[in-house]
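The next block is model_35.pdb, given as PDB, C-alpha atoms.
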ATOM      1  CA  MET A   1      93.344 148.848  84.315
ATOM      2  CA  ASP A   2      96.451 147.454  82.643
ATOM      3  CA  LYS A   3      95.714 144.160  80.869
ATOM      4  CA  ALA A   4      98.820 142.520  82.290
ATOM      5  CA  GLN A   5      97.837 143.441  85.834
ATOM      6  CA  LEU A   6      94.359 142.154  85.165
ATOM      7  CA  ASP A   7      95.737 138.802  83.989
ATOM      8  CA  ALA A   8      97.995 138.580  87.025
ATOM      9  CA  ASP A   9      95.071 139.339  89.332
ATOM     10  CA  PHE A  10      92.972 136.711  87.628
ATOM     11  CA  SER A  11      95.726 134.123  87.993
ATOM     12  CA  GLU A  12      95.835 134.909  91.688
ATOM     13  CA  LEU A  13      92.063 134.580  92.001
ATOM     14  CA  TYR A  14      92.182 131.270  90.148
ATOM     15  CA  ARG A  15      94.871 129.828  92.409
ATOM     16  CA  ALA A  16      93.221 131.083  95.579
ATOM     17  CA  HIS A  17      89.748 129.761  94.815
ATOM     18  CA  LEU A  18      90.057 126.747  92.553
ATOM     19  CA  LYS A  19      89.439 124.466  95.534
ATOM     20  CA  ASP A  20      86.442 126.529  96.692
ATOM     21  CA  VAL A  21      84.799 126.452  93.280
ATOM     22  CA  TYR A  22      85.524 122.768  92.872
ATOM     23  CA  SER A  23      84.205 121.891  96.329
ATOM     24  CA  TYR A  24      81.049 123.898  95.759
ATOM     25  CA  SER A  25      80.556 122.284  92.340
ATOM     26  CA  TYR A  26      81.168 118.808  93.679
ATOM     27  CA  TYR A  27      78.645 119.063  96.486
ATOM     28  CA  ARG A  28      76.203 120.810  94.175
ATOM     29  CA  VAL A  29      76.211 118.235  91.364
ATOM     30  CA  GLY A  30      77.293 115.144  93.311
ATOM     31  CA  ASN A  31      79.927 113.713  90.987
ATOM     32  CA  HIS A  32      83.461 114.559  89.944
ATOM     33  CA  HIS A  33      82.850 114.551  86.203
ATOM     34  CA  ASP A  34      80.168 117.263  86.229
ATOM     35  CA  ALA A  35      82.012 119.120  88.983
ATOM     36  CA  GLU A  36      85.051 119.453  86.715
ATOM     37  CA  ASP A  37      82.924 120.786  83.861
ATOM     38  CA  LEU A  38      81.163 123.216  86.156
ATOM     39  CA  THR A  39      84.436 124.462  87.621
ATOM     40  CA  GLU A  40      85.921 125.004  84.182
ATOM     41  CA  GLN A  41      82.871 126.880  82.930
ATOM     42  CA  THR A  42      82.849 129.004  86.076
ATOM     43  CA  PHE A  43      86.417 130.188  85.555
ATOM     44  CA  LEU A  44      85.809 130.832  81.861
ATOM     45  CA  GLN A  45      82.807 133.001  82.666
ATOM     46  CA  ALA A  46      84.777 134.688  85.405
ATOM     47  CA  TYR A  47      87.651 135.432  83.038
ATOM     48  CA  ARG A  48      85.298 137.054  80.547
ATOM     49  CA  HIS A  49      83.760 139.371  83.125
ATOM     50  CA  PHE A  50      86.687 139.775  85.488
ATOM     51  CA  GLU A  51      87.539 143.379  84.676
ATOM     52  CA  ARG A  52      84.030 144.589  85.363
ATOM     53  CA  ALA A  53      83.687 142.497  88.503
ATOM     54  CA  GLN A  54      86.953 143.815  89.861
ATOM     55  CA  ARG A  55      85.914 147.385  89.115
ATOM     56  CA  GLU A  56      82.528 146.989  90.748
ATOM     57  CA  SER A  57      83.743 145.030  93.759
ATOM     58  CA  GLU A  58      85.479 148.122  95.151
ATOM     59  CA  GLY A  59      88.071 145.990  96.872
ATOM     60  CA  ARG A  60      85.683 143.451  98.389
ATOM     61  CA  PRO A  61      86.613 139.750  98.046
ATOM     62  CA  LEU A  62      85.539 138.157  94.784
ATOM     63  CA  ARG A  63      84.835 134.687  96.143
ATOM     64  CA  PRO A  64      81.055 135.292  96.461
ATOM     65  CA  TRP A  65      81.011 136.478  92.849
ATOM     66  CA  LEU A  66      82.790 133.319  91.704
ATOM     67  CA  ILE A  67      80.437 131.079  93.660
ATOM     68  CA  ARG A  68      77.457 132.957  92.291
ATOM     69  CA  ILE A  69      78.669 132.202  88.762
ATOM     70  CA  ALA A  70      78.959 128.512  89.664
ATOM     71  CA  HIS A  71      75.507 128.637  91.284
ATOM     72  CA  ASN A  72      73.915 130.147  88.146
ATOM     73  CA  LEU A  73      75.680 127.705  85.831
ATOM     74  CA  ALA A  74      74.575 124.757  87.950
ATOM     75  CA  ALA A  75      70.992 126.029  87.913
ATOM     76  CA  ASN A  76      71.110 126.319  84.104
ATOM     77  CA  HIS A  77      72.653 122.866  83.881
ATOM     78  CA  TYR A  78      69.711 121.311  85.706
ATOM     79  CA  ARG A  79      67.126 123.432  83.941
ATOM     80  CA  ASP A  80      68.476 122.619  80.457
ATOM     81  CA  ARG A  81      68.938 118.919  80.976
ATOM     82  CA  SER A  82      66.165 118.307  83.490
ATOM     83  CA  ARG A  83      68.681 116.675  85.801
ATOM     84  CA  LYS A  84      68.551 116.443  89.520
ATOM     85  CA  PRO A  85      71.590 116.567  91.788
ATOM     86  CA  GLN A  86      72.884 113.150  92.682
ATOM     87  CA  THR A  87      73.239 112.001  96.244
ATOM     88  CA  VAL A  88      76.829 112.467  97.315
ATOM     89  CA  LEU A  89      78.089 109.021  98.205
ATOM     90  CA  ASP A  90      81.754 109.175  97.281
ATOM     91  CA  GLU A  91      84.141 108.356 100.079
ATOM     92  CA  THR A  92      85.969 111.646  99.759
ATOM     93  CA  THR A  93      85.302 113.097 103.159
ATOM     94  CA  PRO A  94      87.708 112.550 106.032
ATOM     95  CA  ILE A  95      86.290 111.321 109.322
ATOM     96  CA  ALA A  96      88.050 112.928 112.210
ATOM     97  CA  ALA A  97      88.321 111.872 115.859
ATOM     98  CA  THR A  98      87.429 108.233 115.373
ATOM     99  CA  HIS A  99      89.553 105.475 116.842
ATOM    100  CA  THR A 100      88.232 101.961 116.441
ATOM    101  CA  THR A 101      86.991 100.191 113.346
ATOM    102  CA  GLU A 102      83.474 100.246 114.757
ATOM    103  CA  ASP A 103      83.744 103.932 115.459
ATOM    104  CA  ILE A 104      84.928 104.550 111.913
ATOM    105  CA  ALA A 105      82.095 102.526 110.406
ATOM    106  CA  GLU A 106      79.586 104.269 112.639
ATOM    107  CA  GLY A 107      81.113 107.648 111.823
ATOM    108  CA  ARG A 108      80.883 106.951 108.120
ATOM    109  CA  ASP A 109      77.236 105.954 108.429
ATOM    110  CA  GLU A 110      76.502 109.069 110.403
ATOM    111  CA  LEU A 111      78.214 111.322 107.875
ATOM    112  CA  LYS A 112      76.533 109.513 105.013
ATOM    113  CA  ARG A 113      73.155 110.146 106.597
ATOM    114  CA  ILE A 114      74.017 113.811 107.081
ATOM    115  CA  LEU A 115      75.057 114.118 103.434
ATOM    116  CA  GLU A 116      71.909 112.411 102.261
ATOM    117  CA  GLY A 117      69.923 114.781 104.435
ATOM    118  CA  VAL A 118      71.694 117.749 102.861
ATOM    119  CA  THR A 119      70.814 116.589  99.342
ATOM    120  CA  GLN A 120      67.156 116.289 100.347
ATOM    121  CA  LEU A 121      66.920 119.874 101.550
ATOM    122  CA  PRO A 122      65.312 122.518  99.335
ATOM    123  CA  ASP A 123      67.863 124.001  96.886
ATOM    124  CA  GLU A 124      68.492 127.286  98.682
ATOM    125  CA  ARG A 125      68.951 125.661 102.075
ATOM    126  CA  ARG A 126      71.265 123.025 100.643
ATOM    127  CA  GLU A 127      73.386 125.656  98.884
ATOM    128  CA  ALA A 128      73.641 127.821 101.960
ATOM    129  CA  LEU A 129      74.917 124.843 103.968
ATOM    130  CA  ILE A 130      77.481 123.957 101.284
ATOM    131  CA  MET A 131      78.774 127.519 101.295
ATOM    132  CA  ARG A 132      78.910 127.667 105.071
ATOM    133  CA  PHE A 133      80.393 124.263 105.853
ATOM    134  CA  ALA A 134      82.341 123.227 102.738
ATOM    135  CA  LEU A 135      83.708 126.663 101.912
ATOM    136  CA  GLY A 136      83.646 128.285 105.335
ATOM    137  CA  MET A 137      81.889 131.380 104.033
ATOM    138  CA  ASP A 138      80.380 133.792 106.552
ATOM    139  CA  ASN A 139      76.833 135.141 106.384
ATOM    140  CA  ARG A 140      77.845 138.241 104.477
ATOM    141  CA  GLU A 141      79.707 136.268 101.800
ATOM    142  CA  ILE A 142      76.843 133.805 101.448
ATOM    143  CA  ALA A 143      74.384 136.690 101.197
ATOM    144  CA  ARG A 144      76.388 138.206  98.345
ATOM    145  CA  ALA A 145      76.694 134.873  96.556
ATOM    146  CA  MET A 146      72.968 134.213  96.818
ATOM    147  CA  GLY A 147      71.792 137.764  96.217
ATOM    148  CA  LYS A 148      70.116 138.020  99.617
ATOM    149  CA  THR A 149      70.345 140.295 102.616
ATOM    150  CA  ASP A 150      72.550 139.330 105.561
ATOM    151  CA  GLY A 151      69.456 138.890 107.736
ATOM    152  CA  ALA A 152      67.653 136.661 105.256
ATOM    153  CA  THR A 153      70.787 134.555 104.923
ATOM    154  CA  LYS A 154      71.077 134.110 108.669
ATOM    155  CA  VAL A 155      67.472 132.920 108.823
ATOM    156  CA  LEU A 156      67.988 130.642 105.809
ATOM    157  CA  ILE A 157      70.967 128.891 107.417
ATOM    158  CA  HIS A 158      69.212 128.588 110.767
ATOM    159  CA  ARG A 159      66.187 126.956 109.116
ATOM    160  CA  ALA A 160      68.375 124.679 107.016
ATOM    161  CA  ILE A 161      70.159 123.356 110.094
ATOM    162  CA  LYS A 162      66.883 122.994 111.951
ATOM    163  CA  GLN A 163      65.280 121.068 109.096
ATOM    164  CA  LEU A 164      68.301 118.815 108.719
ATOM    165  CA  GLU A 165      68.339 118.127 112.437
ATOM    166  CA  GLU A 166      64.687 117.126 112.336
ATOM    167  CA  MET A 167      65.304 114.879 109.332
ATOM    168  CA  VAL A 168      68.173 113.125 111.093
ATOM    169  CA  LYS A 169      66.182 112.801 114.334
ATOM    170  CA  SER A 170      63.181 111.325 112.604
ATOM    171  CA  GLY A 171      65.330 109.122 110.414
ATOM    172  CA  ALA A 172      63.792 110.722 107.343
ATOM    173  CA  THR A 173      66.979 110.496 105.302
ATOM    174  CA  LEU A 174      67.376 107.740 102.707
ATOM    175  CA  SER A 175      69.304 105.300 104.929
TER     176      SER A 175
ATOM    177  CA  MET B   1      68.871 105.955 120.710
ATOM    178  CA  THR B   2      69.365 107.751 117.371
ATOM    179  CA  GLU B   3      72.525 109.790 117.053
ATOM    180  CA  ALA B   4      70.516 112.986 116.910
ATOM    181  CA  ALA B   5      69.060 112.246 120.331
ATOM    182  CA  ARG B   6      72.484 111.853 121.939
ATOM    183  CA  PRO B   7      73.379 114.649 124.331
ATOM    184  CA  ASP B   8      76.734 115.149 122.577
ATOM    185  CA  PHE B   9      75.164 115.291 119.114
ATOM    186  CA  ASP B  10      76.852 118.134 117.259
ATOM    187  CA  LEU B  11      75.191 118.601 113.895
ATOM    188  CA  GLU B  12      77.348 121.553 112.859
ATOM    189  CA  GLY B  13      80.500 119.611 113.635
ATOM    190  CA  LEU B  14      79.214 116.673 111.620
ATOM    191  CA  LEU B  15      78.303 118.987 108.744
ATOM    192  CA  ARG B  16      81.865 120.312 108.746
ATOM    193  CA  GLN B  17      83.156 116.754 108.430
ATOM    194  CA  ALA B  18      80.562 115.612 105.920
ATOM    195  CA  LEU B  19      81.089 118.652 103.707
ATOM    196  CA  ALA B  20      84.875 118.743 103.933
ATOM    197  CA  PRO B  21      86.513 120.717 101.075
ATOM    198  CA  VAL B  22      87.341 118.558  98.070
ATOM    199  CA  GLU B  23      90.753 118.771  96.440
ATOM    200  CA  PRO B  24      90.403 119.320  92.675
ATOM    201  CA  PRO B  25      92.044 116.596  90.583
ATOM    202  CA  GLU B  26      95.386 117.430  88.989
ATOM    203  CA  ARG B  27      93.962 116.887  85.514
ATOM    204  CA  LEU B  28      91.435 119.665  86.113
ATOM    205  CA  SER B  29      94.152 122.233  86.882
ATOM    206  CA  LYS B  30      95.967 121.228  83.712
ATOM    207  CA  ARG B  31      92.783 121.372  81.667
ATOM    208  CA  LEU B  32      91.855 124.779  83.069
ATOM    209  CA  GLU B  33      95.282 126.254  82.471
ATOM    210  CA  ASP B  34      95.207 125.001  78.889
ATOM    211  CA  THR B  35      91.758 126.458  78.355
ATOM    212  CA  LEU B  36      92.688 129.819  79.800
ATOM    213  CA  ALA B  37      95.846 129.869  77.707
ATOM    214  CA  THR B  38      93.801 129.139  74.586
ATOM    215  CA  LEU B  39      91.386 131.890  75.503
ATOM    216  CA  THR B  40      94.119 134.504  75.790
ATOM    217  CA  ASP B  41      95.668 133.157  72.561
ATOM    218  CA  ALA B  42      92.523 134.041  70.699
ATOM    219  CA  ALA B  43      92.856 137.656  71.829
ATOM    220  CA  ALA B  44      96.426 137.861  70.545
ATOM    221  CA  ASP B  45      95.948 136.188  67.189
ATOM    222  CA  GLU B  46      96.711 139.314  65.201
ATOM    223  CA  LEU B  47     100.307 139.310  66.429
ATOM    224  CA  ASP B  48     100.999 135.766  65.314
ATOM    225  CA  ALA B  49     101.576 136.415  61.628
ATOM    226  CA  TRP B  50     104.060 139.176  62.362
ATOM    227  CA  GLU B  51     105.845 137.084  64.924
ATOM    228  CA  MET B  52     106.354 134.078  62.680
ATOM    229  CA  SER B  53     107.959 136.147  59.950
ATOM    230  CA  ALA B  54     109.988 138.214  62.417
ATOM    231  CA  MET B  55     111.538 135.168  64.055
ATOM    232  CA  LYS B  56     112.848 133.918  60.720
ATOM    233  CA  ASP B  57     114.892 137.099  60.213
ATOM    234  CA  PRO B  58     117.855 137.361  62.655
ATOM    235  CA  ARG B  59     117.756 141.164  62.401
ATOM    236  CA  ASN B  60     114.479 141.089  64.289
ATOM    237  CA  TRP B  61     115.748 138.898  67.111
ATOM    238  CA  VAL B  62     117.029 141.826  69.125
ATOM    239  CA  SER B  63     113.685 143.546  69.071
ATOM    240  CA  VAL B  64     111.961 140.314  69.973
ATOM    241  CA  HIS B  65     114.323 139.511  72.847
ATOM    242  CA  ARG B  66     114.244 142.949  74.417
ATOM    243  CA  PRO B  67     110.728 142.649  75.772
ATOM    244  CA  VAL B  68     111.515 139.128  76.937
ATOM    245  CA  VAL B  69     114.357 140.449  79.085
ATOM    246  CA  ALA B  70     112.278 143.374  80.250
ATOM    247  CA  ALA B  71     109.483 141.032  81.227
ATOM    248  CA  ALA B  72     111.872 138.678  82.978
ATOM    249  CA  VAL B  73     113.693 141.236  85.078
ATOM    250  CA  GLY B  74     111.347 144.111  85.535
ATOM    251  CA  THR B  75     107.751 143.155  85.071
ATOM    252  CA  THR B  76     105.860 141.323  87.725
ATOM    253  CA  ALA B  77     102.467 142.184  86.327
ATOM    254  CA  GLY B  78     101.208 139.471  84.091
ATOM    255  CA  VAL B  79     103.914 137.036  85.062
ATOM    256  CA  GLY B  80     101.280 134.699  86.429
ATOM    257  CA  LEU B  81      99.548 134.241  83.117
ATOM    258  CA  ILE B  82     102.809 134.191  81.133
ATOM    259  CA  LEU B  83     104.046 131.288  83.225
ATOM    260  CA  LEU B  84     100.680 129.639  83.219
ATOM    261  CA  ARG B  85     100.470 129.949  79.439
ATOM    262  CA  THR B  86     104.041 128.960  78.714
ATOM    263  CA  ARG B  87     103.792 125.938  80.967
ATOM    264  CA  ALA B  88     100.606 124.862  79.262
ATOM    265  CA  LYS B  89     102.204 125.241  75.861
ATOM    266  CA  ASN B  90     105.473 123.524  76.683
ATOM    267  CA  LYS B  91     103.859 120.123  76.702
ATOM    268  CA  LYS B  92     102.248 120.752  73.343
ATOM    269  CA  HIS B  93     105.531 122.002  71.932
ATOM    270  CA  ARG B  94     107.417 119.001  73.184
ATOM    271  CA  ALA B  95     105.062 116.830  71.199
ATOM    272  CA  GLN B  96     105.293 119.017  68.101
ATOM    273  CA  ALA B  97     109.026 119.810  68.151
ATOM    274  CA  SER B  98     111.234 117.902  65.754
ATOM    275  CA  ASP B  99     114.350 118.319  67.962
ATOM    276  CA  PRO B 100     115.465 120.134  71.167
ATOM    277  CA  LEU B 101     116.441 123.248  69.205
ATOM    278  CA  ASP B 102     113.024 123.384  67.629
ATOM    279  CA  PHE B 103     111.447 122.969  71.089
ATOM    280  CA  ALA B 104     113.589 125.811  72.496
ATOM    281  CA  GLU B 105     112.683 128.020  69.565
ATOM    282  CA  ARG B 106     108.981 127.364  70.032
ATOM    283  CA  THR B 107     109.187 128.139  73.755
ATOM    284  CA  LEU B 108     111.213 131.305  73.156
ATOM    285  CA  ARG B 109     108.699 132.380  70.558
ATOM    286  CA  ASP B 110     105.921 131.987  73.130
ATOM    287  CA  LEU B 111     107.754 133.987  75.766
ATOM    288  CA  ALA B 112     108.420 136.728  73.247
ATOM    289  CA  HIS B 113     104.830 136.663  72.193
ATOM    290  CA  GLU B 114     103.539 136.905  75.737
ATOM    291  CA  ALA B 115     105.946 139.578  76.826
ATOM    292  CA  ARG B 116     105.295 141.733  73.768
ATOM    293  CA  ARG B 117     101.566 141.392  74.296
ATOM    294  CA  LEU B 118     101.906 142.629  77.849
ATOM    295  CA  LEU B 119     104.237 145.489  77.004
ATOM    296  CA  ASP B 120     102.599 146.686  73.796
ATOM    297  CA  ARG B 121      98.947 146.372  74.730
ATOM    298  CA  PRO B 122      98.326 148.285  77.904
ATOM    299  CA  ASP B 123      94.562 148.441  77.356
TER     300      ASP B 123
END
Could you spell out this file's structure in structure tokens?
Amino acid sequence: MDKAQLDADFSELYRAHLKDVYSYSYYRVGNHHDAEDLTEQTFLQAYRHFERAQRESEGRPLRPWLIRIAHNLAANHYRDRSRKPQTVLDETTPIAATHTTEDIAEGRDELKRILEGVTQLPDERREALIMRFALGMDNREIARAMGKTDGATKVLIHRAIKQLEEMVKSGATLS
Amino acid sequence: MTEAARPDFDLEGLLRQALAPVEPPERLSKRLEDTLATLTDAAADELDAWEMSAMKDPRNWVSVHRPVVAAAVGTTAGVGLILLRTRAKNKKHRAQASDPLDFAERTLRDLAHEARRLLDRPD
């Protein structure tokens, strides 16, 4: 493929999915500083291998491929530095459909508990939930990003939600 | 009663709120565009020496400007990265330029460089 067309396609991919990659990175690592580094590294890796990925994708969306790069980089990040993801506590998430101050405070607590629950899930379950709920990916996209079958992904998400629900019910989250 | 025991408890809805997409900071976009521009610079290094000498000789200006015009009016492919790269470089040039003419010359040089790279290197 023409190099110029390739560059144009990459620019388009970058603009379309910067927010996705950043959101994934943020919820994966738990802070903005590392999320920025992870996002940058993801796009650099993607740029290096873009031609091949485009060729092999046969027209399918490249978002799962991008997220898979971020996923692998994050895994290496933790392996190399023996770090653990931080609990996401930043007040970055909007709280919809709340009206009174008490409602807002209660809503925040509830969301905080949910987030804490998410960070306590096993890695694969946590990642599947981030992809589903932060990025709005469907089962097929998540399966491609995680290198699983569609069926296994469906089961993974179901179990993740079930486990989180039990954690919240039993009050097993940090709060 | 815990929230999870409420009859209206909607965990998936709460997950959607808790994991709302996060807007990347402006500085990240700038940083990424700069990095990508630098990356593509490295691939085009071999043209730089020729370009610097060519721009000093007015007889070469026509050949340098032609691809610029062609890129501006006829080429949509690659425009994304040209603009991305030129925008990233403009700030650097503003800091380096000794006067507005110098700044314009540096920017023009970049556009010529980018356009020629796109037109001459179809690989």
Quick one: residues within 6 Å of segment 17-22 of chain A, all atoms listed in the file counted, chain neighbours fewer than 3 positions away excluded, as a list in words? Tyr14, Ser25, Tyr26, Thr39 and Leu135 of chain A; Glu23 and Pro24 of chain B
Rounded to one decimal in Å, what is the spacing between atom CA of Leu129 of chain A and atom CA of Ala145 of chain A? 12.6 Å
What does the distance from atom CA of Asn31 of chain A to atom CA of Ala143 of chain A come to in Å, to one decimal? 25.7 Å
What residues in chain A lie within 7 Å of chain B, counting all atoms listed in the file, written as a ChimeraX atom specification? /A:2-5,7-8,11,19,22-23,36,40,93-95,111,114-115,130,133-135,168-169
Would you export the selected residues with C-alpha atoms as a short mmCIF file (atom, residue, chain, number, x, y, z; two decimals), in the frame of the given file, please?
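Final output, saved to result35.cif:
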data_model
loop_
_atom_site.label_atom_id
_atom_site.label_comp_id
_atom_site.auth_asym_id
_atom_site.auth_seq_id
_atom_site.Cartn_x
_atom_site.Cartn_y
_atom_site.Cartn_z
CA ASP A 2 96.45 147.45 82.64
CA LYS A 3 95.71 144.16 80.87
CA ALA A 4 98.82 142.52 82.29
CA GLN A 5 97.84 143.44 85.83
CA ASP A 7 95.74 138.80 83.99
CA ALA A 8 98.00 138.58 87.02
CA SER A 11 95.73 134.12 87.99
CA LYS A 19 89.44 124.47 95.53
CA TYR A 22 85.52 122.77 92.87
CA SER A 23 84.20 121.89 96.33
CA GLU A 36 85.05 119.45 86.72
CA GLU A 40 85.92 125.00 84.18
CA THR A 93 85.30 113.10 103.16
CA PRO A 94 87.71 112.55 106.03
CA ILE A 95 86.29 111.32 109.32
CA LEU A 111 78.21 111.32 107.88
CA ILE A 114 74.02 113.81 107.08
CA LEU A 115 75.06 114.12 103.43
CA ILE A 130 77.48 123.96 101.28
CA PHE A 133 80.39 124.26 105.85
CA ALA A 134 82.34 123.23 102.74
CA LEU A 135 83.71 126.66 101.91
CA VAL A 168 68.17 113.12 111.09
CA LYS A 169 66.18 112.80 114.33
#
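Coordinates place atom CA of Leu121 of chain A at a distance of 7.8 Å from atom CA of Gln163 of chain A.
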With the file shown as input, list the residues that the PyMOL selection byres ((chain A and resi 146) around 9) selects, as an NGL selection string. :A and (64 or 67-68 or 71 or 124 or 127-128 or 141-145 or 147-149 or 153)
How would the residues just chosen look if you wrote them out with C-alpha atoms as a tab-separated table (two decimals), in the frame of the given file?
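Result file part.tsv:
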chain	number	residue	atom	x	y	z
A	64	PRO	CA	81.06	135.29	96.46
A	67	ILE	CA	80.44	131.08	93.66
A	68	ARG	CA	77.46	132.96	92.29
A	71	HIS	CA	75.51	128.64	91.28
A	124	GLU	CA	68.49	127.29	98.68
A	127	GLU	CA	73.39	125.66	98.88
A	128	ALA	CA	73.64	127.82	101.96
A	141	GLU	CA	79.71	136.27	101.80
A	142	ILE	CA	76.84	133.80	101.45
A	143	ALA	CA	74.38	136.69	101.20
A	144	ARG	CA	76.39	138.21	98.34
A	145	ALA	CA	76.69	134.87	96.56
A	147	GLY	CA	71.79	137.76	96.22
A	148	LYS	CA	70.12	138.02	99.62
A	149	THR	CA	70.34	140.29	102.62
A	153	THR	CA	70.79	134.56	104.92
Which residues are close to Gln54 of chain A, i.e. within 10 Å by all atoms listed in the file, leaving aside same-chain residues fewer than 6 positions away? Reply as a PyMOL selection string. chain A and resi 1+6+9-10+60-62+65
